[in-house]
file my_file31.tsv (TSV, C-alpha atoms)
chain	number	residue	atom	x	y	z
R	1	MET	CA	-20.21	7.61	-3.83
R	2	LEU	CA	-18.10	10.56	-4.93
R	3	PRO	CA	-19.45	12.25	-8.06
R	4	GLY	CA	-17.16	11.57	-11.00
R	5	ALA	CA	-14.87	9.48	-8.84
R	6	VAL	CA	-14.90	6.17	-10.69
R	7	LEU	CA	-13.71	5.35	-14.20
R	8	SER	CA	-15.78	2.98	-16.28
R	9	PRO	CA	-13.87	0.06	-17.86
R	10	SER	CA	-13.94	1.83	-21.22
R	11	GLN	CA	-12.57	5.02	-19.67
R	12	ALA	CA	-9.87	3.10	-17.83
R	13	GLN	CA	-8.79	1.47	-21.08
R	14	GLU	CA	-8.84	4.82	-22.84
R	15	VAL	CA	-6.44	6.44	-20.36
R	16	SER	CA	-4.07	3.51	-19.88
R	17	GLY	CA	-0.48	4.35	-20.67
R	18	LEU	CA	-0.78	8.14	-20.89
R	19	SER	CA	2.36	10.12	-21.57
R	20	THR	CA	3.17	12.75	-18.97
R	21	PRO	CA	2.04	15.67	-21.20
R	22	GLN	CA	-1.23	13.85	-21.96
R	23	LEU	CA	-1.78	13.18	-18.28
R	24	VAL	CA	-1.18	16.81	-17.34
R	25	GLN	CA	-3.51	18.03	-20.07
R	26	ARG	CA	-6.23	15.68	-18.85
R	27	LEU	CA	-5.87	16.58	-15.16
R	28	ARG	CA	-5.18	20.30	-15.47
R	29	PRO	CA	-8.87	21.38	-15.42
R	30	SER	CA	-9.32	19.52	-12.12
R	31	VAL	CA	-6.45	21.24	-10.27
R	32	VAL	CA	-7.22	24.57	-8.59
R	33	HIS	CA	-5.33	27.31	-6.78
R	34	ILE	CA	-6.45	28.10	-3.22
R	35	LEU	CA	-5.74	31.44	-1.54
R	36	THR	CA	-6.69	32.05	2.09
R	37	GLU	CA	-6.75	35.43	3.79
R	38	SER	CA	-7.02	36.25	7.47
R	39	ALA	CA	-5.95	39.00	9.83
R	40	SER	CA	-4.33	38.87	13.24
R	41	ILE	CA	-3.69	41.68	15.70
R	42	SER	CA	-0.12	42.83	16.29
R	43	VAL	CA	1.30	43.67	19.72
R	44	PHE	CA	0.56	47.30	18.81
R	45	GLY	CA	-3.11	46.54	18.23
R	46	GLN	CA	-2.89	46.84	14.45
R	47	PRO	CA	-4.36	44.29	12.03
R	48	VAL	CA	-1.73	42.15	10.31
R	49	PRO	CA	-2.84	40.46	7.07
R	50	GLN	CA	-2.04	36.77	6.68
R	51	GLN	CA	-2.19	34.77	3.49
R	52	GLY	CA	-1.87	31.10	2.75
R	53	VAL	CA	-1.61	29.25	-0.54
R	54	GLY	CA	-2.37	25.68	-1.48
R	55	THR	CA	-3.85	23.41	-4.10
R	56	GLY	CA	-7.19	21.66	-4.44
R	57	ILE	CA	-8.74	18.90	-6.54
R	58	VAL	CA	-12.16	19.20	-8.16
R	59	ILE	CA	-14.19	16.12	-7.20
R	60	SER	CA	-17.63	16.98	-8.61
R	61	GLN	CA	-19.11	18.86	-11.54
R	62	ASP	CA	-21.03	21.14	-9.18
R	63	GLY	CA	-18.12	22.63	-7.29
R	64	TYR	CA	-16.91	20.31	-4.53
R	65	ILE	CA	-13.15	20.48	-3.99
R	66	VAL	CA	-10.87	18.46	-1.70
R	67	THR	CA	-7.69	19.85	-0.17
R	68	ASN	CA	-5.70	19.66	3.07
R	69	ASN	CA	-7.13	20.94	6.32
R	70	HIS	CA	-3.96	22.92	7.00
R	71	VAL	CA	-4.51	24.79	3.71
R	72	VAL	CA	-7.88	26.24	4.79
R	73	VAL	CA	-7.06	27.22	8.37
R	74	ARG	CA	-5.20	30.33	9.45
R	75	PRO	CA	-1.42	30.09	9.10
R	76	ASN	CA	0.24	28.46	12.11
R	77	THR	CA	-3.07	27.18	13.47
R	78	CYS	CA	-4.89	23.87	13.18
R	79	ASP	CA	-8.51	24.54	14.05
R	80	THR	CA	-9.26	28.18	13.18
R	81	PRO	CA	-10.67	28.48	9.65
R	82	ALA	CA	-9.31	31.24	7.43
R	83	GLN	CA	-11.52	34.32	7.18
R	84	SER	CA	-11.82	34.07	3.41
R	85	ILE	CA	-10.97	31.42	0.84
R	86	THR	CA	-10.67	32.07	-2.90
R	87	VAL	CA	-10.47	29.30	-5.48
R	88	THR	CA	-9.02	30.00	-8.93
R	89	LEU	CA	-9.90	27.50	-11.64
R	90	ALA	CA	-7.64	26.45	-14.49
R	91	ASP	CA	-9.49	28.82	-16.84
R	92	GLY	CA	-8.76	31.77	-14.55
R	93	ARG	CA	-12.22	32.16	-13.03
R	94	ARG	CA	-12.23	32.98	-9.32
R	95	PHE	CA	-14.84	31.97	-6.77
R	96	PRO	CA	-15.26	32.49	-3.04
R	97	ALA	CA	-15.30	29.12	-1.31
R	98	THR	CA	-17.05	27.87	1.79
R	99	ILE	CA	-15.84	25.03	3.99
R	100	VAL	CA	-18.22	22.07	3.80
R	101	GLY	CA	-16.28	20.14	6.40
R	102	ARG	CA	-12.82	19.61	7.86
R	103	ASP	CA	-11.13	16.59	9.38
R	104	PRO	CA	-7.95	17.66	11.19
R	105	LEU	CA	-7.12	14.06	12.12
R	106	THR	CA	-6.49	13.15	8.48
R	107	ASP	CA	-5.58	16.69	7.36
R	108	LEU	CA	-8.44	16.77	4.85
R	109	ALA	CA	-11.06	19.39	4.03
R	110	VAL	CA	-13.84	19.75	1.47
R	111	LEU	CA	-14.74	23.13	-0.04
R	112	LYS	CA	-17.69	24.22	-2.17
R	113	ILE	CA	-17.82	26.90	-4.84
R	114	ASP	CA	-20.88	28.11	-6.74
R	115	ALA	CA	-19.94	26.67	-10.11
R	116	SER	CA	-21.20	24.00	-12.48
R	117	GLY	CA	-19.89	22.03	-15.42
R	118	LEU	CA	-16.52	21.45	-13.78
R	119	THR	CA	-14.23	18.53	-14.61
R	120	PRO	CA	-13.84	16.20	-11.62
R	121	ALA	CA	-10.63	14.22	-11.25
R	122	PRO	CA	-11.11	10.44	-11.18
R	123	LEU	CA	-10.04	8.85	-7.90
R	124	GLY	CA	-8.06	5.66	-8.42
R	125	ASP	CA	-7.25	2.69	-6.22
R	126	SER	CA	-4.18	3.53	-4.16
R	127	GLU	CA	-4.08	-0.01	-2.77
R	128	ALA	CA	-3.35	-1.30	-6.29
R	129	MET	CA	-0.26	0.89	-6.62
R	130	GLN	CA	3.07	-0.89	-6.58
R	131	VAL	CA	6.34	0.36	-5.15
R	132	GLY	CA	8.40	1.63	-8.07
R	133	GLU	CA	5.36	2.65	-10.12
R	134	GLU	CA	5.63	6.08	-11.75
R	135	VAL	CA	3.52	8.95	-10.41
R	136	VAL	CA	3.09	12.65	-11.16
R	137	ALA	CA	2.51	15.41	-8.59
R	138	MET	CA	0.74	18.64	-9.52
R	139	GLY	CA	0.42	21.72	-7.35
R	140	ASN	CA	1.04	25.40	-6.83
R	141	ALA	CA	4.59	24.96	-5.60
R	142	LEU	CA	5.97	28.12	-3.97
R	143	ASN	CA	2.93	30.00	-5.40
R	144	LEU	CA	4.85	30.55	-8.62
R	145	PRO	CA	2.84	32.27	-11.38
R	146	GLY	CA	1.80	30.49	-14.55
R	147	GLY	CA	-0.16	27.53	-13.26
R	148	PRO	CA	0.67	24.35	-11.35
R	149	THR	CA	4.14	22.86	-11.17
R	150	VAL	CA	4.38	19.29	-12.46
R	151	THR	CA	6.96	16.85	-11.07
R	152	LYS	CA	7.46	13.16	-11.71
R	153	GLY	CA	8.78	10.34	-9.58
R	154	VAL	CA	7.94	6.90	-8.29
R	155	VAL	CA	6.09	5.36	-5.38
R	156	SER	CA	8.99	4.95	-2.97
R	157	ALA	CA	6.96	3.14	-0.29
R	158	LYS	CA	3.38	2.49	0.78
R	159	ASP	CA	1.51	2.36	4.10
R	160	ARG	CA	3.75	4.87	5.82
R	161	THR	CA	2.51	6.40	9.07
R	162	ILE	CA	3.51	10.07	8.98
R	163	GLN	CA	3.20	13.12	11.19
R	164	GLU	CA	2.05	16.25	9.37
R	165	ASP	CA	4.30	19.18	10.28
R	166	GLN	CA	1.92	22.09	10.89
R	167	CYS	CA	-0.63	20.38	13.14
R	168	GLY	CA	1.28	17.27	14.17
R	169	VAL	CA	-1.51	14.86	13.23
R	170	THR	CA	-0.59	11.24	12.60
R	171	ILE	CA	-1.80	10.00	9.22
R	172	PRO	CA	-1.72	6.25	8.52
R	173	GLY	CA	-1.48	4.55	5.15
R	174	ALA	CA	0.41	7.36	3.40
R	175	ILE	CA	2.21	7.03	0.07
R	176	GLN	CA	5.88	8.01	0.01
R	177	THR	CA	7.23	9.46	-3.23
R	178	ASP	CA	10.37	11.07	-4.56
R	179	ALA	CA	8.36	13.37	-6.86
R	180	ALA	CA	9.37	16.87	-5.79
R	181	ILE	CA	6.82	18.42	-3.42
R	182	ASN	CA	7.15	21.96	-2.11
R	183	PRO	CA	5.13	24.48	-0.06
R	184	GLY	CA	2.00	25.27	-2.04
R	185	ASN	CA	1.69	21.69	-3.31
R	186	SER	CA	-0.40	20.79	-0.28
R	187	GLY	CA	-3.80	19.47	-1.29
R	188	GLY	CA	-2.76	18.69	-4.85
R	189	PRO	CA	-3.04	15.36	-6.63
R	190	LEU	CA	-0.56	12.53	-6.82
R	191	VAL	CA	-1.55	10.79	-10.04
R	192	ASN	CA	-0.78	7.40	-11.57
R	193	MET	CA	0.05	7.09	-15.26
R	194	ARG	CA	-3.57	6.23	-16.08
R	195	GLY	CA	-4.60	9.71	-14.98
R	196	GLU	CA	-6.18	8.63	-11.69
R	197	VAL	CA	-5.62	10.45	-8.41
R	198	VAL	CA	-4.09	7.97	-5.95
R	199	GLY	CA	-3.06	10.44	-3.27
R	200	ILE	CA	-3.44	13.97	-1.93
R	201	THR	CA	-0.05	15.53	-1.26
R	202	THR	CA	0.41	16.72	2.28
R	203	ALA	CA	4.00	16.75	3.54
R	204	VAL	CA	7.65	16.77	2.59
R	205	ILE	CA	10.72	16.06	4.74
R	206	ARG	CA	13.75	18.28	4.27
R	207	GLY	CA	16.97	19.03	6.02
R	208	GLY	CA	19.82	16.82	7.12
R	209	GLN	CA	17.76	13.67	7.58
R	210	ALA	CA	16.23	13.42	4.12
R	211	GLU	CA	16.16	15.02	0.72
R	212	GLY	CA	13.01	15.22	-1.36
R	213	VAL	CA	10.97	12.71	0.61
R	214	GLY	CA	7.32	13.58	0.02
R	215	PHE	CA	4.08	12.05	1.23
R	216	ALA	CA	0.49	11.88	0.07
R	217	ILE	CA	-2.68	10.79	1.82
R	218	SER	CA	-3.78	7.66	-0.02
R	219	THR	CA	-7.19	7.58	-1.67
R	220	ALA	CA	-7.91	4.47	0.41
R	221	THR	CA	-7.68	6.70	3.48
R	222	ALA	CA	-9.18	9.81	1.90
R	223	ARG	CA	-12.23	8.44	0.08
R	224	PRO	CA	-14.42	7.59	3.13
R	225	ILE	CA	-13.38	10.85	4.82
R	226	ILE	CA	-14.30	12.92	1.76
R	227	GLU	CA	-17.64	11.17	1.43
R	228	ALA	CA	-18.44	11.75	5.12
R	229	LEU	CA	-17.51	15.44	4.87
R	230	MET	CA	-19.66	15.89	1.76
R	231	ARG	CA	-22.56	14.04	3.36
R	232	GLU	CA	-22.48	15.29	6.96
R	233	GLY	CA	-19.82	18.00	7.19
R	234	ARG	CA	-17.88	16.00	9.77
R	235	VAL	CA	-16.42	12.58	10.44
R	236	GLU	CA	-17.81	10.43	13.23
R	237	ARG	CA	-15.19	8.05	14.56
R	238	ALA	CA	-15.36	4.96	16.66
R	239	PHE	CA	-13.51	5.11	19.98
R	240	LEU	CA	-11.58	2.28	21.61
R	241	GLY	CA	-10.36	4.21	24.64
R	242	VAL	CA	-6.67	3.33	24.87
R	243	ALA	CA	-3.29	5.00	24.56
R	244	LEU	CA	-0.81	2.98	22.53
R	245	VAL	CA	2.90	2.45	21.93
R	246	ASP	CA	4.16	0.66	18.83
R	247	VAL	CA	5.99	-2.60	19.41
R	248	THR	CA	9.50	-2.65	17.99
R	249	PRO	CA	12.00	-5.53	18.02
R	250	GLN	CA	14.05	-3.59	20.57
R	251	LEU	CA	11.00	-3.02	22.80
R	252	ALA	CA	10.00	-6.66	22.48
R	253	ARG	CA	13.45	-7.82	23.62
R	254	GLN	CA	13.66	-5.28	26.44
R	255	PHE	CA	10.32	-6.25	27.99
R	256	GLY	CA	10.16	-9.87	26.89
R	257	LEU	CA	7.12	-9.38	24.66
R	258	PRO	CA	5.88	-12.44	22.76
R	259	VAL	CA	5.69	-10.61	19.39
R	260	GLU	CA	7.81	-8.05	17.55
R	261	GLN	CA	4.86	-6.25	15.93
R	262	GLY	CA	1.64	-4.86	17.36
R	263	VAL	CA	0.72	-2.11	19.81
R	264	VAL	CA	1.18	-2.05	23.57
R	265	VAL	CA	-1.69	-0.60	25.59
R	266	SER	CA	0.01	2.04	27.75
R	267	GLN	CA	-3.19	3.49	29.23
R	268	VAL	CA	-6.86	2.55	29.34
R	269	VAL	CA	-9.51	5.28	29.58
R	270	PRO	CA	-11.51	4.59	32.76
R	271	GLY	CA	-15.04	3.54	31.89
R	272	GLY	CA	-14.24	3.50	28.16
R	273	PRO	CA	-14.98	0.71	25.68
R	274	ALA	CA	-11.64	-1.07	26.20
R	275	ALA	CA	-11.91	-0.84	29.98
R	276	ARG	CA	-15.43	-2.26	29.95
R	277	ALA	CA	-14.23	-5.16	27.80
R	278	GLY	CA	-11.42	-5.96	30.22
R	279	LEU	CA	-8.36	-4.70	28.33
R	280	ARG	CA	-5.49	-3.65	30.60
R	281	PRO	CA	-2.23	-1.72	30.36
R	282	ASN	CA	0.61	-3.83	28.91
R	283	ASP	CA	-1.75	-5.91	26.75
R	284	VAL	CA	-0.31	-6.21	23.22
R	285	ILE	CA	-3.02	-5.80	20.55
R	286	VAL	CA	-2.26	-7.68	17.33
R	287	ARG	CA	-5.66	-7.86	15.59
R	288	LEU	CA	-8.85	-5.78	15.51
R	289	GLY	CA	-12.05	-6.50	13.62
R	290	GLY	CA	-10.43	-9.23	11.55
R	291	ARG	CA	-7.46	-7.09	10.47
R	292	ASP	CA	-3.87	-7.62	11.59
R	293	VAL	CA	-2.43	-4.72	13.58
R	294	ARG	CA	1.33	-4.22	13.29
R	295	ASN	CA	1.46	-0.62	14.53
R	296	SER	CA	-0.75	2.22	15.75
R	297	GLY	CA	-1.34	3.44	12.20
R	298	GLU	CA	-2.80	0.08	11.21
R	299	LEU	CA	-4.97	0.06	14.32
R	300	LEU	CA	-6.38	3.46	13.35
R	301	GLN	CA	-7.05	2.17	9.83
R	302	ALA	CA	-8.80	-0.92	11.21
R	303	LEU	CA	-10.84	1.19	13.63
R	304	ALA	CA	-11.90	3.54	10.83
R	305	GLN	CA	-13.89	0.72	9.23
R	306	PHE	CA	-16.35	0.70	12.14
R	307	ARG	CA	-18.82	3.08	13.74
R	308	ALA	CA	-19.78	3.77	17.34
R	309	GLY	CA	-22.04	1.06	18.74
R	310	GLN	CA	-20.55	-1.74	16.66
R	311	THR	CA	-18.87	-4.66	18.41
R	312	VAL	CA	-15.46	-5.82	17.18
R	313	GLN	CA	-13.19	-8.66	18.18
R	314	VAL	CA	-9.88	-7.51	19.65
R	315	GLU	CA	-7.06	-10.06	19.83
R	316	PHE	CA	-4.11	-9.45	22.14
R	317	TYR	CA	-1.33	-11.04	24.14
R	318	ARG	CA	-1.31	-10.97	27.94
R	319	HIS	CA	1.40	-12.69	29.99
R	320	GLY	CA	2.53	-14.51	26.86
R	321	GLY	CA	-0.86	-16.00	26.01
R	322	ARG	CA	-3.11	-14.93	23.15
R	323	GLN	CA	-6.66	-13.87	24.04
R	324	ALA	CA	-9.66	-12.28	22.34
R	325	VAL	CA	-12.52	-10.16	23.67
R	326	PRO	CA	-15.49	-8.43	22.02
R	327	VAL	CA	-15.39	-4.65	22.41
R	328	THR	CA	-18.42	-2.43	21.81
R	329	LEU	CA	-16.96	0.77	20.38
R	330	GLY	CA	-17.90	4.21	21.64
R	331	GLN	CA	-18.09	7.63	19.97
R	332	ARG	CA	-14.79	9.48	19.81
R	333	PRO	CA	-15.00	12.67	21.92
R	334	PRO	CA	-14.68	15.98	20.03

call {"tool": "encode", "arguments": {"input": "my_file31.tsv", "output": "structure tokens"}}
result
Amino acid sequence: MLPGAVLSPSQAQEVSGLSTPQLVQRLRPSVVHILTESASISVFGQPVPQQGVGTGIVISQDGYIVTNNHVVVRPNTCDTPAQSITVTLADGRRFPATIVGRDPLTDLAVLKIDASGLTPAPLGDSEAMQVGEEVVAMGNALNLPGGPTVTKGVVSAKDRTIQEDQCGVTIPGAIQTDAAINPGNSGGPLVNMRGEVVGITTAVIRGGQAEGVGFAISTATARPIIEALMREGRVERAFLGVALVDVTPQLARQFGLPVEQGVVVSQVVPGGPAARAGLRPNDVIVRLGGRDVRNSGELLQALAQFRAGQTVQVEFYRHGGRQAVPVTLGQRPP
């Protein structure tokens, strides 16, 4: 259980229907500035300083902070931690931070600073959010001085599967919002009007295809990852051992598939859990562990509920007929 992560019924009633200024005042102590510093070597052999800026959310009184993985690694990398990380609290105090754990696959990281008496942000239920519901984003947009930038919008869509720009990781179950999100916002909170964090901002789409389309990692996705990082410093994942392609109506028509949603097995890892259970290329998976699977993002979400060694029922179509097999999951390779 995350420290300070759940509101009691009395607290929930107290914060229902906050105005935007009230919400910002309540959350401001929980939003921190993150500065990373590293050095690379130029073609002339000289050190070149590199800095990165992001936002973090205090999640415990004793100094645990959640942010994005891409905030705490060196710029333009995915797996090399920054040489130094400095966290600045709302009251101006600065602390060196250490990385407790990182999970590049969900673009999440947990930091720790040597501080006490902090104000943790309450984590809300992102699954209860409705499309059209108002939300507020807070973060250090463009590293502008004077504290976090606050923007307001609505939940434009839920359960999006997105690809994070810097590291290209696919994140399922994301919240789409039209609240303005800019560089520096990464790792900051997306908050409902009760003052609960329902997402951790991670990406924004710009250019000719879209204007002001931002995304946040839902707390439904983030909560178990954060807890695992705080507990063990890493996330152990179950492994099915397949490569997948999402079924689309066009793909279903082209290949005569019996369903218009699901995932096609394009490859099976030899000797892996799926291979041992008898799954084959061109099988169309539609259900795993009692959860419907409409796309690869939903399969990842379903798989995340299980650990290596557990056996799950996988339902699929083969040659037009529906079948089911038990699969004993393996441990995802590093």

call {"tool": "atom_distance", "arguments": {"input": "my_file31.tsv", "atom1": "CA of Asn140 in chain R", "atom2": "CA of Pro189 in chain R"}}
result
10.8 Å

call {"tool": "atom_distance", "arguments": {"input": "my_file31.tsv", "atom1": "CA of Gly290 in chain R", "atom2": "CA of Gly271 in chain R"}}
result
24.5 Å

call {"tool": "residues_around", "arguments": {"input": "my_file31.tsv", "residues": "Ala115 in chain R", "least_positions_apart": "4", "cutoff": "12 Å", "atoms": "only C-alpha atoms", "output": "ChimeraX atom specification"}}
result
/R:58,60-65,87-89,93-97,111,119

call {"tool": "closest_residue", "arguments": {"input": "my_file31.tsv", "among": "R:Asn282, R:Gln46, R:Gln163, R:Thr219", "to": "Tyr317 in chain R", "atoms": "only C-alpha atoms"}}
result
R:Asn282

call {"tool": "closest_residue", "arguments": {"input": "my_file31.tsv", "among": "R:Gln22, R:Asn68, R:Asn295, R:Thr311", "to": "Val265 in chain R", "atoms": "all atoms listed in the file"}}
result
R:Asn295

call {"tool": "build_atoms", "arguments": {"input": "my_file31.tsv", "residues": "range 160-186 of chain R", "atoms": "N, CA and C atoms", "output": "short mmCIF file (atom, residue, chain, number, x, y, z; two decimals), in the coordinates of the input"}}
result
data_model
loop_
_atom_site.label_atom_id
_atom_site.label_comp_id
_atom_site.auth_asym_id
_atom_site.auth_seq_id
_atom_site.Cartn_x
_atom_site.Cartn_y
_atom_site.Cartn_z
N ARG R 160 2.97 4.14 4.83
CA ARG R 160 3.75 4.87 5.82
C ARG R 160 2.80 5.54 6.82
N THR R 161 3.21 5.60 8.07
CA THR R 161 2.51 6.40 9.07
C THR R 161 3.34 7.66 9.27
N ILE R 162 2.75 8.82 8.97
CA ILE R 162 3.51 10.07 8.98
C ILE R 162 2.89 11.05 9.97
N GLN R 163 3.69 12.03 10.35
CA GLN R 163 3.20 13.12 11.19
C GLN R 163 3.28 14.40 10.39
N GLU R 164 2.11 15.00 10.14
CA GLU R 164 2.05 16.25 9.37
C GLU R 164 2.65 17.37 10.20
N ASP R 165 3.49 18.21 9.56
CA ASP R 165 4.30 19.18 10.28
C ASP R 165 3.49 20.24 11.02
N GLN R 166 2.56 20.91 10.33
CA GLN R 166 1.92 22.09 10.89
C GLN R 166 1.09 21.76 12.12
N CYS R 167 0.30 20.70 12.05
CA CYS R 167 -0.63 20.38 13.14
C CYS R 167 -0.23 19.13 13.91
N GLY R 168 0.79 18.42 13.44
CA GLY R 168 1.28 17.27 14.17
C GLY R 168 0.37 16.07 14.18
N VAL R 169 -0.61 16.00 13.25
CA VAL R 169 -1.51 14.86 13.23
C VAL R 169 -0.81 13.66 12.61
N THR R 170 -1.15 12.48 13.11
CA THR R 170 -0.59 11.24 12.60
C THR R 170 -1.52 10.67 11.55
N ILE R 171 -1.00 10.46 10.35
CA ILE R 171 -1.80 10.00 9.22
C ILE R 171 -1.30 8.62 8.81
N PRO R 172 -2.15 7.59 8.92
CA PRO R 172 -1.72 6.25 8.52
C PRO R 172 -1.91 6.02 7.03
N GLY R 173 -1.24 5.00 6.52
CA GLY R 173 -1.48 4.55 5.15
C GLY R 173 -1.02 5.50 4.07
N ALA R 174 -0.02 6.35 4.37
CA ALA R 174 0.41 7.36 3.40
C ALA R 174 1.31 6.74 2.33
N ILE R 175 1.33 7.41 1.17
CA ILE R 175 2.21 7.03 0.07
C ILE R 175 3.46 7.90 0.13
N GLN R 176 4.62 7.27 0.08
CA GLN R 176 5.88 8.01 0.01
C GLN R 176 6.33 8.08 -1.44
N THR R 177 6.79 9.27 -1.85
CA THR R 177 7.23 9.46 -3.23
C THR R 177 8.46 10.34 -3.28
N ASP R 178 9.24 10.17 -4.35
CA ASP R 178 10.37 11.07 -4.56
C ASP R 178 10.03 12.17 -5.57
N ALA R 179 8.78 12.23 -6.03
CA ALA R 179 8.36 13.37 -6.86
C ALA R 179 8.48 14.63 -6.02
N ALA R 180 9.10 15.66 -6.56
CA ALA R 180 9.37 16.87 -5.79
C ALA R 180 8.07 17.52 -5.33
N ILE R 181 7.98 17.77 -4.02
CA ILE R 181 6.82 18.42 -3.42
C ILE R 181 7.33 19.59 -2.59
N ASN R 182 6.71 20.74 -2.77
CA ASN R 182 7.15 21.96 -2.11
C ASN R 182 5.97 22.68 -1.49
N PRO R 183 6.23 23.69 -0.61
CA PRO R 183 5.13 24.48 -0.06
C PRO R 183 4.25 25.03 -1.18
N GLY R 184 2.96 24.90 -1.01
CA GLY R 184 2.00 25.27 -2.04
C GLY R 184 1.43 24.06 -2.76
N ASN R 185 2.19 22.94 -2.74
CA ASN R 185 1.69 21.69 -3.31
C ASN R 185 0.58 21.07 -2.47
N SER R 186 0.53 21.44 -1.20
CA SER R 186 -0.40 20.79 -0.28
C SER R 186 -1.82 20.78 -0.82
#
